[in-house]
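Report on the structure given below.
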Amino acid sequence: MKKTQIQRRGILLSMALLAGISTITPAYSLNAKAYVQTTANQDETYTITNTDTNDSCISKNKEDHLSNAYINSDITAKTITTKSYDELNNIDLYTTYDVAKYGNFRTDKGELKVKVIEKKESNYEKSKIYVNGSDGKKYCKNVFGNKQEYSDAVVAEAEKTNKYHAYGEYCIRFYTKKPGKYKFSYDALDSNGNVIITKTIKVIAKEDGDPIKEASFAGKRFYVSGNSRLNGATEDLYSSVKDGNYTKKKSGKLQITMNKGFKLRKIEVGHVPVAYKETSTVDDWAIVSKAIEWSEVNNGKKIRLNTIDAGGSSYDKDKKKAAPEGYRIRTSERMKQYATTYIRVTYYDKKNKTTERETFKINKLINK
């Protein structure tokens, strides 16, 4: 029988796989602000690691409240952009196991406005006190930042201030028109509303407080900060095409420009490889997308964009007397208009003394 286009594509792909072109790597979270690395484990759990402190824990839910409270370091300083409501002016706060909730959000100057734009509080669903460490032990971190191994004594001490095992999550937005240095304070409260401790964060307001000023490929920008946009800069990488969602360029120089107060640590380029599904056979196979593969590149150097079509195909053949030639054959093929290249930027926040990340996408036309 004459091979179909899909079968030919499968044969060509199998040759590439046998040659070792596709290497499957662990999946990491995208678009994460803080450089908290989340790795998927084979038992459907996640290992969550703070790369600045090397603290880690294992969780069934990568958005677990207590894991966030344990892994993330306390924010000590926040740089924001003036006259902006962008999410880069937001911070997230999570109560520790010994705190019922946070409250009394305030600033030291009237020019800095603070607003709680998201809040989740509960004194009904008991929150866990401990996280599961990577070493198999159970750990806790209290409101003072002290980390200790879980025990009955820890529970008894926590219930003095949080007897109902309540918890709270908050997203706080800052806004000001005036550049300068401010202070934002909030209180950790016990079950009776008494103040356990007051925490303070330095807020540095600048005309351009975004970590990344701009990012460009082949001389065209695919990202500009909010302030740069106000001053006339545009994201013009796709401006030469009518539908404005891809570039036709194959390669070009990648340039990342940081703002003052942030230091570029690393740039990585990633793509989604395709491979046969693990259970594939000659008569029953599927081509599926795998985890992103990353490779480090130097700032200002030339990169080549990904051209792999991650759409996917499948082929299924089985015996059936009523079908032509005694076989029933089902095929499918899905082709994407463009291939995506991921750009991951790791940088250091000099004010908050933490390592953070941003991830961007560049789309290249592959199927005309």
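Residues are named by chain letter and number: chains run A, B, ... in the order of the structure tokens, numbers start at 1 in each chain, and ligands are numbered from 1 in the order shown.
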
Please identify which residues in stretch 94-332 of chain A DSSP calls helix (DSSP H, G or I) from the backbone, and express them as number ranges by chain.
-> A: 152-158, 226-230, 324-326

Take the residues from that selection and put them in a file with N, CA and C atoms, as an mmCIF file, in the first residue's frame.
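To be explicit, this is the file written out as selection_5.cif:
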```
data_model
loop_
_atom_site.group_PDB
_atom_site.id
_atom_site.type_symbol
_atom_site.label_atom_id
_atom_site.label_comp_id
_atom_site.auth_asym_id
_atom_site.auth_seq_id
_atom_site.Cartn_x
_atom_site.Cartn_y
_atom_site.Cartn_z
ATOM 1 N N ASP A 152 4.781 17.779 68.171
ATOM 2 C CA ASP A 152 3.590 18.127 68.956
ATOM 3 C C ASP A 152 3.800 19.441 69.687
ATOM 4 N N ALA A 153 5.014 19.704 70.119
ATOM 5 C CA ALA A 153 5.322 20.951 70.823
ATOM 6 C C ALA A 153 5.128 22.157 69.896
ATOM 7 N N VAL A 154 5.483 21.990 68.618
ATOM 8 C CA VAL A 154 5.295 23.061 67.638
ATOM 9 C C VAL A 154 3.809 23.354 67.458
ATOM 10 N N VAL A 155 3.002 22.305 67.381
ATOM 11 C CA VAL A 155 1.549 22.472 67.230
ATOM 12 C C VAL A 155 0.970 23.209 68.429
ATOM 13 N N ALA A 156 1.373 22.805 69.622
ATOM 14 C CA ALA A 156 0.869 23.429 70.851
ATOM 15 C C ALA A 156 1.219 24.905 70.904
ATOM 16 N N GLU A 157 2.429 25.240 70.478
ATOM 17 C CA GLU A 157 2.863 26.639 70.482
ATOM 18 C C GLU A 157 2.080 27.448 69.448
ATOM 19 N N ALA A 158 1.852 26.858 68.279
ATOM 20 C CA ALA A 158 1.120 27.549 67.212
ATOM 21 C C ALA A 158 -0.321 27.831 67.608
ATOM 22 N N GLY A 226 6.446 49.153 30.809
ATOM 23 C CA GLY A 226 5.306 50.059 30.742
ATOM 24 C C GLY A 226 5.727 51.497 30.529
ATOM 25 N N ASN A 227 6.790 51.921 31.209
ATOM 26 C CA ASN A 227 7.247 53.301 31.064
ATOM 27 C C ASN A 227 7.819 53.554 29.668
ATOM 28 N N SER A 228 8.530 52.570 29.126
ATOM 29 C CA SER A 228 9.071 52.718 27.768
ATOM 30 C C SER A 228 7.937 52.864 26.763
ATOM 31 N N ARG A 229 6.844 52.139 27.003
ATOM 32 C CA ARG A 229 5.681 52.227 26.111
ATOM 33 C C ARG A 229 5.065 53.628 26.165
ATOM 34 N N LEU A 230 5.010 54.204 27.368
ATOM 35 C CA LEU A 230 4.475 55.557 27.514
ATOM 36 C C LEU A 230 5.334 56.580 26.764
ATOM 37 N N PRO A 324 -12.014 -1.773 4.065
ATOM 38 C CA PRO A 324 -11.220 -2.052 2.853
ATOM 39 C C PRO A 324 -9.958 -2.835 3.201
ATOM 40 N N GLU A 325 -9.718 -3.946 2.424
ATOM 41 C CA GLU A 325 -8.542 -4.789 2.591
ATOM 42 C C GLU A 325 -8.455 -5.423 3.981
ATOM 43 N N GLY A 326 -9.591 -5.449 4.706
ATOM 44 C CA GLY A 326 -9.636 -6.142 5.989
ATOM 45 C C GLY A 326 -9.061 -5.360 7.168
#
```

Quick one: which stretch 115-234 of chain A residues come within 12 Å of stretch 95-99 of chain A, and what is the nearest atom pair for each with the distance in Å to one decimal, counting only C-alpha atoms, rows ordered by chain and ascending number, as a tab-separated table?
```
residue	atom	partner	partner_atom	distance
A:Lys119	CA	A:Thr95	CA	11.6
A:Lys120	CA	A:Thr95	CA	10.7
A:Glu121	CA	A:Thr95	CA	9.7
A:Ser122	CA	A:Thr95	CA	11.2
A:Asn123	CA	A:Val99	CA	10.9
A:Lys126	CA	A:Tyr97	CA	10.0
A:Ser127	CA	A:Tyr97	CA	7.4
A:Lys128	CA	A:Tyr97	CA	7.2
A:Ile129	CA	A:Tyr97	CA	5.2
A:Tyr130	CA	A:Tyr97	CA	7.9
A:Val131	CA	A:Tyr97	CA	10.4
A:Tyr139	CA	A:Tyr97	CA	11.1
A:Cys140	CA	A:Tyr97	CA	7.7
A:Lys141	CA	A:Thr96	CA	6.7
A:Asn142	CA	A:Thr96	CA	5.6
A:Val143	CA	A:Thr96	CA	5.6
A:Phe144	CA	A:Thr96	CA	9.2
A:Gly145	CA	A:Thr96	CA	9.0
A:Asn146	CA	A:Thr96	CA	10.6
A:Lys147	CA	A:Thr96	CA	10.9
A:Tyr150	CA	A:Tyr97	CA	11.3
A:Val154	CA	A:Asp98	CA	9.4
A:Val155	CA	A:Asp98	CA	8.7
A:Ala156	CA	A:Asp98	CA	10.1
A:Glu157	CA	A:Asp98	CA	8.1
A:Ala158	CA	A:Asp98	CA	4.6
A:Glu159	CA	A:Asp98	CA	7.0
A:Lys160	CA	A:Asp98	CA	8.1
A:Thr161	CA	A:Asp98	CA	6.0
A:Asn162	CA	A:Asp98	CA	5.3
A:Lys163	CA	A:Asp98	CA	8.6
A:Tyr164	CA	A:Asp98	CA	10.0
A:His165	CA	A:Tyr97	CA	7.0
A:Ala166	CA	A:Val99	CA	7.3
A:Tyr167	CA	A:Thr95	CA	5.9
A:Gly168	CA	A:Thr95	CA	5.5
A:Glu169	CA	A:Thr95	CA	6.6
A:Tyr170	CA	A:Thr95	CA	8.9
A:Tyr186	CA	A:Thr95	CA	11.7
A:Asp187	CA	A:Val99	CA	9.9
A:Ala188	CA	A:Val99	CA	6.2
A:Leu189	CA	A:Val99	CA	6.0
A:Asp190	CA	A:Val99	CA	5.6
A:Ser191	CA	A:Val99	CA	7.7
A:Asn192	CA	A:Val99	CA	10.7
A:Gly193	CA	A:Val99	CA	10.1
A:Asn194	CA	A:Val99	CA	10.4
A:Val195	CA	A:Val99	CA	9.7
A:Ile196	CA	A:Val99	CA	8.0
A:Ile197	CA	A:Val99	CA	9.8
A:Thr198	CA	A:Val99	CA	11.9
A:Lys199	CA	A:Thr95	CA	11.9
```

Selected residues, N, CA and C atoms, written as a compact mmCIF listing (two decimals), in the first residue's frame, please.
```txt
# COMPACT_ATOMS: atom_id res chain seq x y z
N LYS A 119 -8.04 38.55 48.16
CA LYS A 119 -7.91 38.10 49.55
C LYS A 119 -8.64 36.78 49.72
N LYS A 120 -7.99 35.86 50.41
CA LYS A 120 -8.62 34.59 50.76
C LYS A 120 -8.31 34.30 52.21
N GLU A 121 -9.34 34.24 53.05
CA GLU A 121 -9.16 33.96 54.46
C GLU A 121 -10.12 32.85 54.89
N SER A 122 -9.67 32.02 55.80
CA SER A 122 -10.53 30.95 56.29
C SER A 122 -10.14 30.58 57.71
N ASN A 123 -11.16 30.43 58.59
CA ASN A 123 -10.92 29.89 59.93
C ASN A 123 -11.76 28.64 60.13
N LYS A 126 -9.14 23.78 58.22
CA LYS A 126 -7.87 23.80 58.94
C LYS A 126 -6.69 23.69 57.98
N SER A 127 -5.79 24.64 58.04
CA SER A 127 -4.59 24.58 57.20
C SER A 127 -3.56 23.67 57.86
N LYS A 128 -2.72 23.06 57.05
CA LYS A 128 -1.66 22.20 57.58
C LYS A 128 -0.62 23.06 58.30
N ILE A 129 0.07 22.46 59.23
CA ILE A 129 1.13 23.16 59.94
C ILE A 129 2.50 22.88 59.30
N TYR A 130 2.64 21.73 58.68
CA TYR A 130 3.97 21.33 58.19
C TYR A 130 3.97 21.12 56.68
N VAL A 131 5.19 21.14 56.13
CA VAL A 131 5.41 20.73 54.74
C VAL A 131 6.29 19.49 54.77
N TYR A 139 8.60 19.83 58.14
CA TYR A 139 9.18 21.08 58.61
C TYR A 139 8.12 22.18 58.70
N CYS A 140 8.43 23.20 59.51
CA CYS A 140 7.56 24.35 59.69
C CYS A 140 8.41 25.63 59.63
N LYS A 141 7.77 26.75 59.26
CA LYS A 141 8.42 28.06 59.36
C LYS A 141 7.43 29.01 59.99
N ASN A 142 7.80 29.64 61.13
CA ASN A 142 6.86 30.52 61.81
C ASN A 142 6.94 31.95 61.28
N VAL A 143 6.14 32.83 61.86
CA VAL A 143 6.03 34.19 61.37
C VAL A 143 7.34 34.98 61.50
N PHE A 144 8.23 34.52 62.38
CA PHE A 144 9.51 35.19 62.56
C PHE A 144 10.58 34.68 61.58
N GLY A 145 10.19 33.72 60.73
CA GLY A 145 11.12 33.17 59.74
C GLY A 145 11.95 32.02 60.24
N ASN A 146 11.67 31.55 61.46
CA ASN A 146 12.43 30.43 62.02
C ASN A 146 11.88 29.10 61.49
N LYS A 147 12.77 28.27 61.01
CA LYS A 147 12.39 26.96 60.46
C LYS A 147 12.76 25.87 61.45
N TYR A 150 8.83 19.57 62.50
CA TYR A 150 7.47 19.45 63.04
C TYR A 150 7.44 18.54 64.27
N VAL A 154 5.48 21.99 68.62
CA VAL A 154 5.29 23.06 67.64
C VAL A 154 3.81 23.35 67.46
N VAL A 155 3.00 22.31 67.38
CA VAL A 155 1.55 22.47 67.23
C VAL A 155 0.97 23.21 68.43
N ALA A 156 1.37 22.80 69.62
CA ALA A 156 0.87 23.43 70.85
C ALA A 156 1.22 24.91 70.90
N GLU A 157 2.43 25.24 70.48
CA GLU A 157 2.86 26.64 70.48
C GLU A 157 2.08 27.45 69.45
N ALA A 158 1.85 26.86 68.28
CA ALA A 158 1.12 27.55 67.21
C ALA A 158 -0.32 27.83 67.61
N GLU A 159 -0.93 26.92 68.34
CA GLU A 159 -2.34 27.07 68.71
C GLU A 159 -2.55 28.15 69.77
N LYS A 160 -1.48 28.66 70.34
CA LYS A 160 -1.61 29.79 71.25
C LYS A 160 -2.00 31.06 70.51
N THR A 161 -1.58 31.17 69.25
CA THR A 161 -1.89 32.36 68.46
C THR A 161 -2.86 32.07 67.30
N ASN A 162 -2.96 30.79 66.93
CA ASN A 162 -3.83 30.42 65.79
C ASN A 162 -4.59 29.15 66.16
N LYS A 163 -5.50 29.28 67.12
CA LYS A 163 -6.15 28.10 67.68
C LYS A 163 -7.07 27.38 66.71
N TYR A 164 -7.57 28.09 65.66
CA TYR A 164 -8.45 27.44 64.70
C TYR A 164 -7.71 26.99 63.43
N HIS A 165 -6.40 27.13 63.43
CA HIS A 165 -5.58 26.77 62.25
C HIS A 165 -6.06 27.55 61.02
N ALA A 166 -6.37 28.83 61.21
CA ALA A 166 -6.83 29.68 60.11
C ALA A 166 -5.66 30.04 59.21
N TYR A 167 -5.97 30.61 58.04
CA TYR A 167 -4.91 31.04 57.13
C TYR A 167 -5.43 32.16 56.23
N GLY A 168 -4.48 32.87 55.61
CA GLY A 168 -4.85 33.95 54.71
C GLY A 168 -3.86 34.10 53.57
N GLU A 169 -4.38 34.50 52.40
CA GLU A 169 -3.56 34.79 51.23
C GLU A 169 -4.00 36.16 50.69
N TYR A 170 -3.02 36.98 50.30
CA TYR A 170 -3.33 38.36 49.91
C TYR A 170 -2.49 38.77 48.70
N TYR A 186 2.35 45.96 57.59
CA TYR A 186 1.14 45.16 57.86
C TYR A 186 1.37 44.35 59.13
N ASP A 187 0.27 43.93 59.75
CA ASP A 187 0.35 43.22 61.01
C ASP A 187 -0.03 41.75 60.85
N ALA A 188 0.72 40.88 61.52
CA ALA A 188 0.34 39.47 61.65
C ALA A 188 -0.51 39.37 62.90
N LEU A 189 -1.73 38.84 62.75
CA LEU A 189 -2.71 38.86 63.83
C LEU A 189 -2.99 37.45 64.35
N ASP A 190 -3.30 37.36 65.65
CA ASP A 190 -3.68 36.07 66.22
C ASP A 190 -5.19 35.87 66.10
N SER A 191 -5.70 34.82 66.68
CA SER A 191 -7.12 34.48 66.54
C SER A 191 -8.04 35.53 67.15
N ASN A 192 -7.54 36.34 68.10
CA ASN A 192 -8.35 37.37 68.73
C ASN A 192 -8.12 38.75 68.13
N GLY A 193 -7.34 38.81 67.06
CA GLY A 193 -7.08 40.09 66.41
C GLY A 193 -5.94 40.87 67.01
N ASN A 194 -5.20 40.27 67.94
CA ASN A 194 -4.05 40.94 68.54
C ASN A 194 -2.84 40.87 67.61
N VAL A 195 -1.98 41.88 67.67
CA VAL A 195 -0.80 41.93 66.81
C VAL A 195 0.30 41.04 67.37
N ILE A 196 0.76 40.09 66.54
CA ILE A 196 1.89 39.23 66.92
C ILE A 196 3.19 39.93 66.58
N ILE A 197 3.25 40.47 65.36
CA ILE A 197 4.43 41.18 64.88
C ILE A 197 4.00 42.08 63.73
N THR A 198 4.67 43.21 63.59
CA THR A 198 4.46 44.11 62.46
C THR A 198 5.61 43.94 61.48
N LYS A 199 5.28 43.76 60.21
CA LYS A 199 6.30 43.60 59.17
C LYS A 199 6.31 44.82 58.26
```

query = Hey, what's within 8 Å of A:Thr200 if we count only C-alpha atoms and toss same-chain stuff fewer than 2 positions away? As a ChimeraX atom specification, please?
reply = /A:76,183-186,198,202

Selection: 10 Å around A:Tyr338, only C-alpha atoms, excl. self and same-chain fewer than 4 positions, as a ChimeraX atom specification
/A:245-248,306-311,362-368

request  = For A:Asn61, list every protein, DNA or RNA residue within 12 Å, evaluated using only C-alpha atoms, and leave out those in the same chain fewer than 6 positions away; present the list as JSON, numbers by chain.
outcome  = {"A": [38, 39, 40, 41, 44, 45, 46, 47, 48, 67, 68, 131]}

12 Å contact set for A:Thr51, only C-alpha atoms, chain neighbours under 6 positions out, as a short mmCIF file (atom, residue, chain, number, x, y, z; two decimals) with N, CA and C atoms, in the first residue's frame:
```cif
data_model
loop_
_atom_site.label_atom_id
_atom_site.label_comp_id
_atom_site.auth_asym_id
_atom_site.auth_seq_id
_atom_site.Cartn_x
_atom_site.Cartn_y
_atom_site.Cartn_z
N ALA A 34 9.08 34.98 41.15
CA ALA A 34 10.19 34.58 42.01
C ALA A 34 10.80 33.31 41.44
N TYR A 35 12.12 33.20 41.61
CA TYR A 35 12.80 32.04 41.06
C TYR A 35 12.61 30.86 42.02
N VAL A 36 11.37 30.47 42.19
CA VAL A 36 11.03 29.26 42.92
C VAL A 36 10.79 28.19 41.88
N GLN A 37 11.66 27.20 41.85
CA GLN A 37 11.64 26.19 40.80
C GLN A 37 10.71 25.05 41.19
N THR A 38 9.79 24.72 40.30
CA THR A 38 8.84 23.64 40.54
C THR A 38 9.11 22.51 39.54
N ILE A 71 8.37 28.18 51.42
CA ILE A 71 9.45 28.28 50.44
C ILE A 71 9.84 29.72 50.14
N ASN A 72 8.85 30.61 49.99
CA ASN A 72 9.16 31.99 49.60
C ASN A 72 9.78 32.77 50.75
N SER A 73 10.83 33.49 50.46
CA SER A 73 11.44 34.37 51.45
C SER A 73 10.55 35.59 51.68
N THR A 346 16.70 35.09 33.73
CA THR A 346 16.91 35.01 35.18
C THR A 346 17.73 36.23 35.60
N TYR A 348 18.74 39.19 39.08
CA TYR A 348 18.86 39.39 40.53
C TYR A 348 18.31 40.75 40.90
N THR A 354 16.91 38.89 45.94
CA THR A 354 16.36 37.61 45.50
C THR A 354 16.59 37.43 44.00
N THR A 355 16.62 36.18 43.58
CA THR A 355 16.73 35.84 42.17
C THR A 355 15.34 35.59 41.61
N GLU A 356 15.05 36.16 40.45
CA GLU A 356 13.71 36.06 39.88
C GLU A 356 13.79 35.74 38.39
N ARG A 357 12.61 35.45 37.81
CA ARG A 357 12.57 35.05 36.40
C ARG A 357 11.41 35.69 35.65
#
```

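Coordinates place atom CA of A:Asn89 at a distance of 17.6 Å from atom CA of A:Thr359.
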
query = Quick one: residues within 8 Å of A:Lys263, only C-alpha atoms counted, chain neighbours fewer than 4 positions away excluded, as a list in words?
reply =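 Surrounding residues, per the criterion: Met258, Tyr347, Tyr348, Asp349 and Lys350 of chain A.
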
Take the residues that were just selected and, keeping N, CA, C and O atoms, output them as a PDB file, in the first residue's frame.
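Produced file result-v3.pdb, reproduced below:
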```pdb
ATOM      1  N   MET A 258      18.358  45.389  31.002  1.00  0.00           N
ATOM      2  CA  MET A 258      17.804  45.472  32.354  1.00  0.00           C
ATOM      3  C   MET A 258      17.759  46.923  32.827  1.00  0.00           C
ATOM      4  O   MET A 258      18.544  47.762  32.378  1.00  0.00           O
ATOM      5  N   TYR A 347      17.256  36.934  36.631  1.00  0.00           N
ATOM      6  CA  TYR A 347      17.932  38.160  37.050  1.00  0.00           C
ATOM      7  C   TYR A 347      17.909  38.285  38.571  1.00  0.00           C
ATOM      8  O   TYR A 347      17.147  37.594  39.263  1.00  0.00           O
ATOM      9  N   TYR A 348      18.745  39.185  39.081  1.00  0.00           N
ATOM     10  CA  TYR A 348      18.864  39.386  40.530  1.00  0.00           C
ATOM     11  C   TYR A 348      18.310  40.747  40.900  1.00  0.00           C
ATOM     12  O   TYR A 348      18.662  41.763  40.293  1.00  0.00           O
ATOM     13  N   ASP A 349      17.398  40.756  41.884  1.00  0.00           N
ATOM     14  CA  ASP A 349      16.830  41.993  42.410  1.00  0.00           C
ATOM     15  C   ASP A 349      17.755  42.488  43.520  1.00  0.00           C
ATOM     16  O   ASP A 349      17.805  41.905  44.612  1.00  0.00           O
ATOM     17  N   LYS A 350      18.511  43.545  43.256  1.00  0.00           N
ATOM     18  CA  LYS A 350      19.516  44.023  44.212  1.00  0.00           C
ATOM     19  C   LYS A 350      18.893  44.565  45.494  1.00  0.00           C
ATOM     20  O   LYS A 350      19.500  44.493  46.562  1.00  0.00           O
TER      21      LYS A 350
END
```

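Among the candidates A:Ile212, A:Ala275, A:Ala69, A:Ala77, the one nearest to A:Lys351 when counting only C-alpha atoms is A:Ala77.
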
(request) Could you pull out the residues in stretch 111-236 of chain A that DSSP calls strand (DSSP E or B) from the backbone, as JSON, numbers by chain? (result) {"A": [113, 114, 115, 116, 117, 118, 119, 120, 121, 122, 131, 132, 133, 138, 139, 140, 141, 147, 148, 149, 167, 168, 169, 170, 171, 172, 173, 174, 175, 180, 181, 182, 183, 184, 185, 186, 187, 188, 189, 195, 196, 197, 198, 199, 200, 201, 202, 203, 204, 205, 206, 212, 213, 214, 215, 216, 217, 220, 221, 222, 223, 224]}

Take the residues from that selection and put them in a file with C-alpha atoms, as a compact mmCIF listing (two decimals), in the first residue's frame.
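Full text of out_11.txt as output:
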```txt
# COMPACT_ATOMS: atom_id res chain seq x y z
CA LYS A 113 -1.64 54.05 47.83
CA VAL A 114 -2.09 50.41 48.81
CA LYS A 115 -5.03 48.21 47.87
CA VAL A 116 -5.84 44.57 48.62
CA ILE A 117 -7.01 43.35 45.21
CA GLU A 118 -7.28 39.66 46.16
CA LYS A 119 -7.91 38.10 49.55
CA LYS A 120 -8.62 34.59 50.76
CA GLU A 121 -9.16 33.96 54.46
CA SER A 122 -10.53 30.95 56.29
CA VAL A 131 5.41 20.73 54.74
CA ASN A 132 7.06 17.52 53.58
CA GLY A 133 10.77 18.06 53.14
CA LYS A 138 8.30 17.39 58.18
CA TYR A 139 9.18 21.08 58.61
CA CYS A 140 7.56 24.35 59.69
CA LYS A 141 8.42 28.06 59.36
CA LYS A 147 12.39 26.96 60.46
CA GLN A 148 12.08 23.89 62.61
CA GLU A 149 11.16 20.24 62.46
CA TYR A 167 -4.91 31.04 57.13
CA GLY A 168 -4.85 33.95 54.71
CA GLU A 169 -3.56 34.79 51.23
CA TYR A 170 -3.33 38.36 49.91
CA CYS A 171 -2.40 40.15 46.69
CA ILE A 172 -1.42 43.75 47.39
CA ARG A 173 -1.14 46.47 44.74
CA PHE A 174 0.93 49.65 45.13
CA TYR A 175 0.27 52.89 43.26
CA GLY A 180 10.67 58.14 45.94
CA LYS A 181 11.19 55.78 48.86
CA TYR A 182 8.26 54.61 50.97
CA LYS A 183 7.42 52.06 53.65
CA PHE A 184 4.55 49.57 53.58
CA SER A 185 3.59 47.87 56.84
CA TYR A 186 1.14 45.16 57.86
CA ASP A 187 0.35 43.22 61.01
CA ALA A 188 0.34 39.47 61.65
CA LEU A 189 -2.71 38.86 63.83
CA VAL A 195 -0.80 41.93 66.81
CA ILE A 196 1.89 39.23 66.92
CA ILE A 197 4.43 41.18 64.88
CA THR A 198 4.46 44.11 62.46
CA LYS A 199 6.30 43.60 59.17
CA THR A 200 7.65 46.39 56.96
CA ILE A 201 8.64 46.42 53.28
CA LYS A 202 10.65 49.17 51.57
CA VAL A 203 8.91 50.42 48.43
CA ILE A 204 11.09 52.14 45.83
CA ALA A 205 9.00 54.02 43.25
CA LYS A 206 10.64 54.90 39.92
CA ILE A 212 13.48 44.43 32.22
CA LYS A 213 13.52 47.63 30.19
CA GLU A 214 13.24 45.91 26.82
CA ALA A 215 13.96 42.67 24.97
CA SER A 216 14.60 42.39 21.25
CA PHE A 217 15.21 39.77 18.55
CA LYS A 220 12.88 44.22 16.77
CA ARG A 221 11.39 44.43 20.26
CA PHE A 222 9.17 41.64 21.63
CA TYR A 223 8.91 43.25 25.08
CA VAL A 224 9.04 46.81 26.43
```

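In this comparison, which uses only C-alpha atoms, the residue of A:Thr281, A:Ser240, A:Thr82, A:Asn298 approaching A:Asp316 most closely is A:Thr281.
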
Which of these residues is nearest to A:Asp52, using only C-alpha atoms: A:Ser134, A:Ser84, A:Asn352, A:Ser251?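 Result for the nearest residue to A:Asp52: A:Asn352.
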
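Going from atom CA of A:Cys57 over to atom CA of A:Asp43, you cover 14.4 Å.
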
A straight line from atom CA of A:Gly270 to atom CA of A:Tyr238 spans 19.7 Å

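Taking only C-alpha atoms into account, A:Leu264 lies nearest to A:Arg344 out of the set A:Lys109, A:Lys320, A:Arg344, A:Lys277.
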